[in-house]
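Everything below belongs to work_1.csv, which stores CSV, C-alpha atoms.
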```csv
chain,number,residue,atom,x,y,z
A,1,MET,CA,46.0,25.8,-98.4
A,2,TYR,CA,48.1,24.7,-95.4
A,3,GLN,CA,47.9,21.1,-96.4
A,4,ARG,CA,48.8,21.8,-100.0
A,5,ALA,CA,51.8,23.7,-98.9
A,6,ASP,CA,52.9,21.4,-96.1
A,7,SER,CA,51.7,17.8,-97.1
A,8,SER,CA,52.4,16.6,-93.5
A,9,GLN,CA,49.0,15.0,-93.1
A,10,LEU,CA,49.4,13.1,-96.4
A,11,ARG,CA,52.9,11.9,-95.4
A,12,LYS,CA,51.6,10.6,-92.0
A,13,LEU,CA,48.7,8.8,-93.7
A,14,GLN,CA,51.1,7.1,-96.1
A,15,GLU,CA,53.3,6.0,-93.2
A,16,ASP,CA,50.3,4.3,-91.7
A,17,GLY,CA,49.4,2.7,-95.1
A,18,PHE,CA,46.6,5.1,-96.0
A,19,GLY,CA,45.9,8.0,-98.3
A,20,PHE,CA,43.3,10.7,-98.5
A,21,ILE,CA,39.7,9.7,-99.3
A,22,ASP,CA,39.0,10.6,-102.9
A,23,ILE,CA,36.2,13.2,-102.8
A,24,GLY,CA,36.6,14.2,-106.4
A,25,GLU,CA,39.4,16.8,-106.2
A,26,SER,CA,41.3,15.2,-109.1
A,27,ALA,CA,38.3,16.0,-111.3
A,28,ILE,CA,38.2,19.5,-110.0
A,29,GLU,CA,41.8,20.1,-110.8
A,30,GLU,CA,41.0,19.5,-114.5
A,31,LYS,CA,38.4,22.2,-114.5
A,32,ILE,CA,40.4,25.0,-113.0
A,33,SER,CA,41.1,27.8,-115.5
A,34,HIS,CA,44.6,29.1,-116.1
A,35,THR,CA,43.9,32.3,-114.3
A,36,ASP,CA,42.4,30.7,-111.3
A,37,ARG,CA,45.2,28.2,-111.1
A,38,GLU,CA,47.7,31.1,-110.9
A,39,VAL,CA,45.8,32.5,-108.0
A,40,LEU,CA,45.7,29.1,-106.3
A,41,ASN,CA,49.4,28.6,-106.8
A,42,MET,CA,50.1,32.1,-105.5
A,43,ALA,CA,48.2,31.3,-102.3
A,44,ILE,CA,50.1,28.0,-101.8
A,45,LYS,CA,53.4,29.7,-102.3
A,46,TYR,CA,52.4,32.3,-99.7
A,47,TYR,CA,51.7,29.5,-97.2
A,48,LYS,CA,55.0,27.8,-98.0
A,49,ASP,CA,56.9,31.0,-97.6
A,50,ASN,CA,55.1,32.4,-94.5
A,51,LEU,CA,53.0,29.8,-92.6
A,52,ILE,CA,54.0,26.2,-92.8
A,53,GLU,CA,56.8,26.5,-90.2
A,54,LYS,CA,54.1,27.7,-87.8
A,55,SER,CA,52.0,25.1,-85.9
A,56,LEU,CA,48.3,25.1,-86.6
A,57,ARG,CA,47.8,24.0,-83.0
A,58,ARG,CA,49.9,26.7,-81.4
A,59,ASP,CA,51.4,29.5,-83.5
A,60,LEU,CA,48.3,30.0,-85.7
A,61,ASN,CA,45.7,30.1,-83.0
A,62,GLY,CA,45.2,33.8,-83.5
A,63,HIS,CA,44.7,33.4,-87.2
A,64,ARG,CA,42.1,30.6,-86.6
A,65,VAL,CA,40.0,32.7,-84.1
A,66,TRP,CA,40.3,35.8,-86.4
A,67,LEU,CA,39.0,33.8,-89.4
A,68,GLN,CA,36.2,32.2,-87.4
A,69,LYS,CA,34.8,35.6,-86.7
A,70,LYS,CA,34.6,36.6,-90.4
A,71,GLU,CA,31.5,36.3,-92.5
A,72,LYS,CA,31.7,33.5,-95.0
A,73,PHE,CA,33.1,34.6,-98.4
A,74,LYS,CA,32.9,38.3,-97.6
A,75,MET,CA,35.8,40.6,-98.6
A,76,ILE,CA,38.1,41.0,-95.6
A,77,THR,CA,39.3,44.5,-94.8
A,78,ASP,CA,40.9,43.7,-91.5
A,79,THR,CA,44.7,43.5,-91.8
A,80,ALA,CA,45.4,42.4,-88.2
A,81,PHE,CA,47.9,39.7,-89.5
A,82,GLY,CA,49.4,41.8,-92.3
A,83,LYS,CA,48.2,43.4,-95.5
A,84,SER,CA,49.7,40.7,-97.6
A,85,PHE,CA,47.9,37.9,-95.7
A,86,THR,CA,44.5,39.7,-96.1
A,87,GLU,CA,45.2,40.3,-99.8
A,88,MET,CA,46.1,36.7,-100.4
A,89,LEU,CA,42.9,35.5,-98.7
A,90,ASN,CA,40.7,37.9,-100.6
A,91,LYS,CA,42.2,36.7,-103.9
A,92,VAL,CA,42.1,32.9,-103.2
A,93,SER,CA,38.7,32.8,-101.5
A,94,PRO,CA,36.6,33.2,-104.7
A,95,VAL,CA,38.7,30.4,-106.3
A,96,TYR,CA,38.1,28.1,-103.4
A,97,GLN,CA,34.4,28.9,-103.3
A,98,LYS,CA,34.1,28.3,-107.0
A,99,TYR,CA,35.8,24.9,-107.2
A,100,TYR,CA,36.1,23.3,-103.8
A,101,TRP,CA,33.6,24.6,-101.2
A,102,ASP,CA,30.6,22.7,-102.3
A,103,VAL,CA,32.5,19.4,-102.6
A,104,HIS,CA,34.2,19.9,-99.2
A,105,ARG,CA,31.0,20.9,-97.5
A,106,LYS,CA,29.0,17.9,-98.9
A,107,HIS,CA,31.7,15.5,-97.8
A,108,ASN,CA,31.9,17.0,-94.3
A,109,ASP,CA,28.2,16.9,-93.9
A,110,LEU,CA,28.1,13.3,-95.0
A,111,ILE,CA,30.6,12.2,-92.4
A,112,VAL,CA,28.9,14.1,-89.6
A,113,SER,CA,25.5,12.7,-90.5
A,114,GLN,CA,26.9,9.1,-90.3
A,115,HIS,CA,28.1,9.6,-86.7
A,116,ILE,CA,26.3,12.4,-84.9
A,117,GLU,CA,23.5,10.2,-83.6
A,118,THR,CA,26.0,7.7,-82.1
A,119,ILE,CA,28.0,10.6,-80.5
A,120,ASP,CA,24.7,11.9,-79.0
A,121,GLN,CA,24.0,8.5,-77.5
A,122,ILE,CA,27.3,7.8,-75.8
A,123,GLU,CA,29.1,11.2,-75.1
A,124,GLU,CA,27.7,11.7,-71.6
A,125,GLU,CA,28.7,8.1,-70.6
A,126,VAL,CA,32.2,8.4,-72.0
A,127,ILE,CA,32.8,11.8,-70.5
A,128,GLU,CA,31.6,10.5,-67.1
A,129,LYS,CA,34.1,7.7,-67.3
A,130,MET,CA,36.9,10.1,-68.3
A,131,GLU,CA,36.1,12.3,-65.4
A,132,ARG,CA,36.6,9.4,-63.0
A,133,LEU,CA,39.7,8.2,-64.8
A,134,SER,CA,41.3,11.7,-65.1
A,135,LEU,CA,40.5,12.6,-61.5
A,136,ASN,CA,39.0,15.8,-62.8
A,137,THR,CA,35.6,17.3,-63.4
A,138,TRP,CA,34.1,18.8,-66.6
A,139,PRO,CA,33.4,22.5,-66.0
A,140,ASP,CA,29.7,23.2,-65.6
A,141,SER,CA,28.0,24.2,-68.9
A,142,THR,CA,31.2,24.1,-70.9
A,143,LYS,CA,30.8,23.1,-74.5
A,144,VAL,CA,33.7,22.5,-76.8
A,145,ARG,CA,33.6,23.8,-80.3
A,146,VAL,CA,34.3,21.3,-83.1
A,147,ASP,CA,35.3,22.3,-86.6
A,148,ILE,CA,34.8,19.6,-89.2
A,149,THR,CA,37.2,20.1,-92.1
A,150,CYS,CA,38.5,18.2,-95.0
A,151,TYR,CA,42.1,18.7,-93.9
A,152,ALA,CA,43.8,19.3,-90.5
A,153,ASN,CA,47.4,19.0,-89.3
A,154,TRP,CA,49.8,16.1,-89.6
A,155,ALA,CA,47.7,14.0,-87.1
A,156,GLY,CA,44.4,14.6,-88.9
A,157,ALA,CA,42.9,16.1,-85.8
A,158,TYR,CA,44.1,18.5,-83.1
A,159,THR,CA,42.7,20.5,-80.1
A,160,THR,CA,43.7,24.0,-79.0
A,161,SER,CA,43.0,25.3,-75.5
A,162,ILE,CA,43.8,29.0,-76.2
A,163,PRO,CA,41.7,31.2,-76.0
A,164,LYS,CA,39.3,28.3,-75.4
A,165,MET,CA,38.9,24.6,-76.3
A,166,ASN,CA,38.5,24.0,-80.1
A,167,ILE,CA,38.7,20.7,-81.9
A,168,VAL,CA,39.6,20.5,-85.5
A,169,LEU,CA,39.0,17.2,-87.3
A,170,SER,CA,39.7,16.0,-90.8
A,171,THR,CA,37.2,14.0,-92.8
A,172,THR,CA,39.5,12.9,-95.6
A,173,ASP,CA,41.5,10.7,-93.3
A,174,PRO,CA,40.1,7.2,-93.8
A,175,SER,CA,41.2,6.1,-90.4
A,176,LYS,CA,39.0,8.7,-88.8
A,177,THR,CA,35.7,8.3,-90.7
A,178,THR,CA,34.7,4.9,-89.2
A,179,SER,CA,33.8,4.6,-85.5
A,180,ALA,CA,37.2,6.3,-85.0
A,181,PHE,CA,35.5,9.5,-85.8
A,182,VAL,CA,33.4,9.1,-82.7
A,183,GLU,CA,36.5,8.2,-80.5
A,184,THR,CA,38.4,11.1,-82.0
A,185,ILE,CA,35.7,13.6,-81.0
A,186,LEU,CA,35.5,12.2,-77.5
A,187,HIS,CA,39.3,11.9,-77.1
A,188,GLU,CA,39.9,15.5,-78.3
A,189,GLY,CA,37.1,16.7,-76.0
A,190,SER,CA,38.7,14.8,-73.1
A,191,HIS,CA,41.7,17.1,-73.3
A,192,LEU,CA,39.7,19.5,-71.3
A,193,LEU,CA,40.2,17.2,-68.4
A,194,TYR,CA,43.9,17.0,-68.9
A,195,LEU,CA,44.8,20.6,-69.4
A,196,PHE,CA,48.4,21.7,-68.4
A,197,GLY,CA,48.3,23.0,-64.9
A,198,GLU,CA,44.8,21.8,-64.3
A,199,SER,CA,45.2,18.0,-64.5
A,200,PRO,CA,45.6,16.0,-61.3
A,201,MET,CA,46.8,13.0,-63.5
A,202,ARG,CA,49.5,15.1,-65.2
A,203,ASP,CA,50.6,16.5,-61.8
A,204,LYS,CA,50.9,12.9,-60.4
A,205,ILE,CA,53.1,11.9,-63.3
A,206,TYR,CA,55.3,15.0,-62.9
A,207,ASP,CA,55.7,14.6,-59.1
A,208,MET,CA,56.3,10.9,-59.1
A,209,SER,CA,58.8,11.0,-61.9
A,210,ALA,CA,60.8,13.5,-59.8
A,211,GLU,CA,60.5,11.1,-56.8
A,212,LEU,CA,61.8,8.2,-58.9
A,213,GLY,CA,64.6,10.2,-60.3
A,214,ILE,CA,63.7,9.9,-64.0
A,215,LYS,CA,63.2,12.5,-66.6
A,216,PHE,CA,59.5,13.6,-66.9
A,217,PRO,CA,58.0,11.7,-69.8
A,218,ARG,CA,56.0,14.6,-71.3
A,219,ASN,CA,53.6,12.4,-73.4
A,220,LEU,CA,52.9,9.6,-71.0
A,221,TRP,CA,49.7,11.2,-69.8
A,222,HIS,CA,48.5,11.5,-73.4
A,223,ALA,CA,49.3,7.9,-74.2
A,224,SER,CA,47.4,6.7,-71.1
A,225,MET,CA,44.5,9.0,-72.0
A,226,PHE,CA,44.4,7.5,-75.5
A,227,TYR,CA,44.1,4.0,-74.0
A,228,LEU,CA,41.5,5.0,-71.4
A,229,CYS,CA,39.3,7.0,-73.8
A,230,GLY,CA,39.6,4.3,-76.4
A,231,ARG,CA,38.4,1.7,-74.0
A,232,ALA,CA,35.6,3.9,-72.7
A,233,THR,CA,34.4,4.5,-76.3
A,234,GLN,CA,34.8,0.9,-77.2
A,235,ASP,CA,32.7,-0.3,-74.3
A,236,GLU,CA,29.9,2.3,-75.0
A,237,LEU,CA,29.9,1.4,-78.7
A,238,SER,CA,29.6,-2.3,-77.9
A,239,LYS,CA,26.3,-1.5,-76.2
A,240,LEU,CA,25.1,-0.3,-79.6
A,241,ASN,CA,26.5,-3.4,-81.2
A,242,ILE,CA,29.2,-1.4,-82.9
A,243,GLU,CA,32.6,-3.1,-83.1
A,244,HIS,CA,35.4,-0.6,-82.5
A,245,LYS,CA,39.2,-0.8,-82.8
A,246,MET,CA,41.0,1.8,-80.7
A,247,ILE,CA,42.8,4.7,-82.4
A,248,LEU,CA,45.9,3.8,-80.3
A,249,ASP,CA,46.1,0.6,-82.3
A,250,VAL,CA,44.8,1.8,-85.7
A,251,ASN,CA,47.3,4.7,-86.1
A,252,ARG,CA,50.2,3.2,-84.1
A,253,ILE,CA,50.3,6.1,-81.8
A,254,PHE,CA,52.8,6.3,-78.9
A,255,SER,CA,54.2,3.0,-79.9
A,256,LYS,CA,57.2,3.5,-77.5
A,257,TYR,CA,54.8,3.7,-74.6
A,258,ASN,CA,52.2,1.3,-75.8
A,259,THR,CA,53.7,-1.9,-74.4
A,260,GLU,CA,52.0,-5.0,-73.0
A,261,LYS,CA,52.8,-3.9,-69.5
A,262,PHE,CA,51.4,-0.4,-70.2
A,263,ARG,CA,48.2,-1.8,-71.6
A,264,LYS,CA,47.8,-4.2,-68.7
A,265,ILE,CA,48.1,-1.6,-65.9
A,266,ASN,CA,45.9,0.9,-67.8
A,267,GLU,CA,43.3,-1.8,-68.3
A,268,GLN,CA,43.3,-2.6,-64.6
A,269,TYR,CA,42.9,1.1,-63.8
A,270,TYR,CA,40.1,1.4,-66.4
A,271,LEU,CA,38.2,-1.5,-64.8
A,272,GLY,CA,38.7,0.0,-61.3
A,273,GLY,CA,41.1,-2.7,-60.2
A,274,THR,CA,43.9,-0.3,-59.1
A,275,LYS,CA,44.3,3.3,-57.9
A,276,ALA,CA,45.7,6.3,-59.9
A,277,ASP,CA,48.9,6.3,-57.8
A,278,THR,CA,49.5,2.7,-58.6
A,279,LEU,CA,48.9,3.3,-62.3
A,280,VAL,CA,51.4,6.2,-62.5
A,281,LYS,CA,54.0,4.4,-60.4
A,282,TYR,CA,53.8,1.3,-62.5
A,283,MET,CA,54.0,3.2,-65.8
A,284,LEU,CA,57.0,5.2,-64.6
A,285,ASN,CA,58.8,2.1,-63.2
A,286,GLU,CA,58.3,0.3,-66.5
A,287,LEU,CA,59.9,3.3,-68.3
A,288,LYS,CA,62.8,3.3,-65.8
A,289,GLU,CA,63.6,-0.2,-66.9
A,290,ARG,CA,64.2,0.7,-70.5
A,291,PRO,CA,65.4,3.6,-72.7
A,292,GLN,CA,63.1,6.6,-72.2
A,293,PRO,CA,60.8,7.3,-75.1
A,294,MET,CA,61.1,10.6,-76.9
A,295,GLY,CA,58.2,12.4,-78.7
A,296,LEU,CA,55.8,9.9,-80.1
```
I'd like the structure from this file rewritten - as structure tokens, please.
Amino acid sequence: MYQRADSSQLRKLQEDGFGFIDIGESAIEEKISHTDREVLNMAIKYYKDNLIEKSLRRDLNGHRVWLQKKEKFKMITDTAFGKSFTEMLNKVSPVYQKYYWDVHRKHNDLIVSQHIETIDQIEEEVIEKMERLSLNTWPDSTKVRVDITCYANWAGAYTTSIPKMNIVLSTTDPSKTTSAFVETILHEGSHLLYLFGESPMRDKIYDMSAELGIKFPRNLWHASMFYLCGRATQDELSKLNIEHKMILDVNRIFSKYNTEKFRKINEQYYLGGTKADTLVKYMLNELKERPQPMGL
């Protein structure tokens, strides 16, 4: 419903030269009765009027956790987020179940089955590398919940840390169903090592930017993390004879940070050829020499 009301994920895919994977929804659309279509359109309008200006990653955290605790396809009586929201869900849920649920579940299961064995084989090695690179330690016995969905936010995947870590990953984004699915899971999980206020690497960037007299580049840590986790995943996949192109390159993410010099110093750091302080100082000095990137 959020994607139908917002379309941000589709727009981002189209910017990158992609589109949603066709899982048969066009054929479904032709089968929807007039009455059911009215209900579907009502729900989409509700989302447009009330929810799409809210971030799935931040503002709708409470809604996500609330829904996760509900029994599948059971009538909801809880009106914690308003009577109109509960009524809308109860009306549209049978329509979604009737037309879309089996198709979505089948596709999600297919994508997971293609990659779960690979993830099991390399996740410990990648996380160990990311612990070293992030200067942080994975909390003992901590597991991160992963929700595999057909649609996500504009990026096709996101992670929330409130009230606890939760990854949401889209399976209709063709750029994420190859080995990129594996990297995305490991990258999003690695956010646990870079949490705000708990990340030695983010603290170094903040402190050193102040020392150098430049505005704190709020996404520099994330760009570096994309490169490092991409390389760690790439190396581990190569041991399984799987060729992998890093998400940083496939989706043209953080292009204003992702320069030749940025890649060179991050590669040296990844290989153990330089220290964390040198990495941060080099990245910041490189930014100081050119206009500061904003956002992505």
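The nearest approach to A:Asn108 among the residues A:Thr171, A:Ser84, A:Ser93, A:Asn136, with only C-alpha atoms taken into account, belongs to A:Thr171.
For the choices A:Lys129, A:His244, A:Lys54, A:His187, the atom-to-atom distance to A:Phe226 is smallest for A:His187 when using all atoms listed in the file.
Distance check against A:Met88 using only C-alpha atoms: of A:Ala223, A:Trp66, A:Gln121, A:Ala43, the minimum falls on A:Ala43.
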Open item on the list: Need to verify the contact set: A:Lys12, 9 Å, only C-alpha atoms, exclusion of same-chain residues closer than 6 positions in sequence. Can you return it as a list in words?
Closed with: Phe18, Gly19, Trp154, Ala155 and Gly156 of chain A
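Using all atoms listed in the file, the residues found no farther than 9 Å from A:Phe262, other than those of its own chain fewer than 6 positions away, are Ser224, Tyr282, Met283 and Glu286 of chain A.
Using only C-alpha atoms for every distance, the candidate list A:Ile162, A:Ala180, A:Val250, A:Leu186 yields A:Ile162 as the residue closest to A:Leu60.
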Open item on the list: List as JSON, numbers by chain the residues having at least one atom at most 12 Å from position (36.6, 12.4, -88.3) as given in the file, counting only C-alpha atoms.
Closed with: {"A": [21, 107, 108, 109, 110, 111, 112, 113, 114, 115, 116, 119, 146, 147, 148, 149, 150, 151, 152, 155, 156, 157, 158, 167, 168, 169, 170, 171, 172, 173, 174, 175, 176, 177, 178, 179, 180, 181, 182, 183, 184, 185, 186, 187, 188, 247]}
Selection export as a PDB file, in the frame of the given file, atoms kept: C-alpha atoms:
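Saved as again08.pdb:
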```pdb
ATOM      1  CA  ILE A  21      39.700   9.700 -99.300  1.00  0.00           C
ATOM      2  CA  HIS A 107      31.700  15.500 -97.800  1.00  0.00           C
ATOM      3  CA  ASN A 108      31.900  17.000 -94.300  1.00  0.00           C
ATOM      4  CA  ASP A 109      28.200  16.900 -93.900  1.00  0.00           C
ATOM      5  CA  LEU A 110      28.100  13.300 -95.000  1.00  0.00           C
ATOM      6  CA  ILE A 111      30.600  12.200 -92.400  1.00  0.00           C
ATOM      7  CA  VAL A 112      28.900  14.100 -89.600  1.00  0.00           C
ATOM      8  CA  SER A 113      25.500  12.700 -90.500  1.00  0.00           C
ATOM      9  CA  GLN A 114      26.900   9.100 -90.300  1.00  0.00           C
ATOM     10  CA  HIS A 115      28.100   9.600 -86.700  1.00  0.00           C
ATOM     11  CA  ILE A 116      26.300  12.400 -84.900  1.00  0.00           C
ATOM     12  CA  ILE A 119      28.000  10.600 -80.500  1.00  0.00           C
ATOM     13  CA  VAL A 146      34.300  21.300 -83.100  1.00  0.00           C
ATOM     14  CA  ASP A 147      35.300  22.300 -86.600  1.00  0.00           C
ATOM     15  CA  ILE A 148      34.800  19.600 -89.200  1.00  0.00           C
ATOM     16  CA  THR A 149      37.200  20.100 -92.100  1.00  0.00           C
ATOM     17  CA  CYS A 150      38.500  18.200 -95.000  1.00  0.00           C
ATOM     18  CA  TYR A 151      42.100  18.700 -93.900  1.00  0.00           C
ATOM     19  CA  ALA A 152      43.800  19.300 -90.500  1.00  0.00           C
ATOM     20  CA  ALA A 155      47.700  14.000 -87.100  1.00  0.00           C
ATOM     21  CA  GLY A 156      44.400  14.600 -88.900  1.00  0.00           C
ATOM     22  CA  ALA A 157      42.900  16.100 -85.800  1.00  0.00           C
ATOM     23  CA  TYR A 158      44.100  18.500 -83.100  1.00  0.00           C
ATOM     24  CA  ILE A 167      38.700  20.700 -81.900  1.00  0.00           C
ATOM     25  CA  VAL A 168      39.600  20.500 -85.500  1.00  0.00           C
ATOM     26  CA  LEU A 169      39.000  17.200 -87.300  1.00  0.00           C
ATOM     27  CA  SER A 170      39.700  16.000 -90.800  1.00  0.00           C
ATOM     28  CA  THR A 171      37.200  14.000 -92.800  1.00  0.00           C
ATOM     29  CA  THR A 172      39.500  12.900 -95.600  1.00  0.00           C
ATOM     30  CA  ASP A 173      41.500  10.700 -93.300  1.00  0.00           C
ATOM     31  CA  PRO A 174      40.100   7.200 -93.800  1.00  0.00           C
ATOM     32  CA  SER A 175      41.200   6.100 -90.400  1.00  0.00           C
ATOM     33  CA  LYS A 176      39.000   8.700 -88.800  1.00  0.00           C
ATOM     34  CA  THR A 177      35.700   8.300 -90.700  1.00  0.00           C
ATOM     35  CA  THR A 178      34.700   4.900 -89.200  1.00  0.00           C
ATOM     36  CA  SER A 179      33.800   4.600 -85.500  1.00  0.00           C
ATOM     37  CA  ALA A 180      37.200   6.300 -85.000  1.00  0.00           C
ATOM     38  CA  PHE A 181      35.500   9.500 -85.800  1.00  0.00           C
ATOM     39  CA  VAL A 182      33.400   9.100 -82.700  1.00  0.00           C
ATOM     40  CA  GLU A 183      36.500   8.200 -80.500  1.00  0.00           C
ATOM     41  CA  THR A 184      38.400  11.100 -82.000  1.00  0.00           C
ATOM     42  CA  ILE A 185      35.700  13.600 -81.000  1.00  0.00           C
ATOM     43  CA  LEU A 186      35.500  12.200 -77.500  1.00  0.00           C
ATOM     44  CA  HIS A 187      39.300  11.900 -77.100  1.00  0.00           C
ATOM     45  CA  GLU A 188      39.900  15.500 -78.300  1.00  0.00           C
ATOM     46  CA  ILE A 247      42.800   4.700 -82.400  1.00  0.00           C
TER      47      ILE A 247
END
```
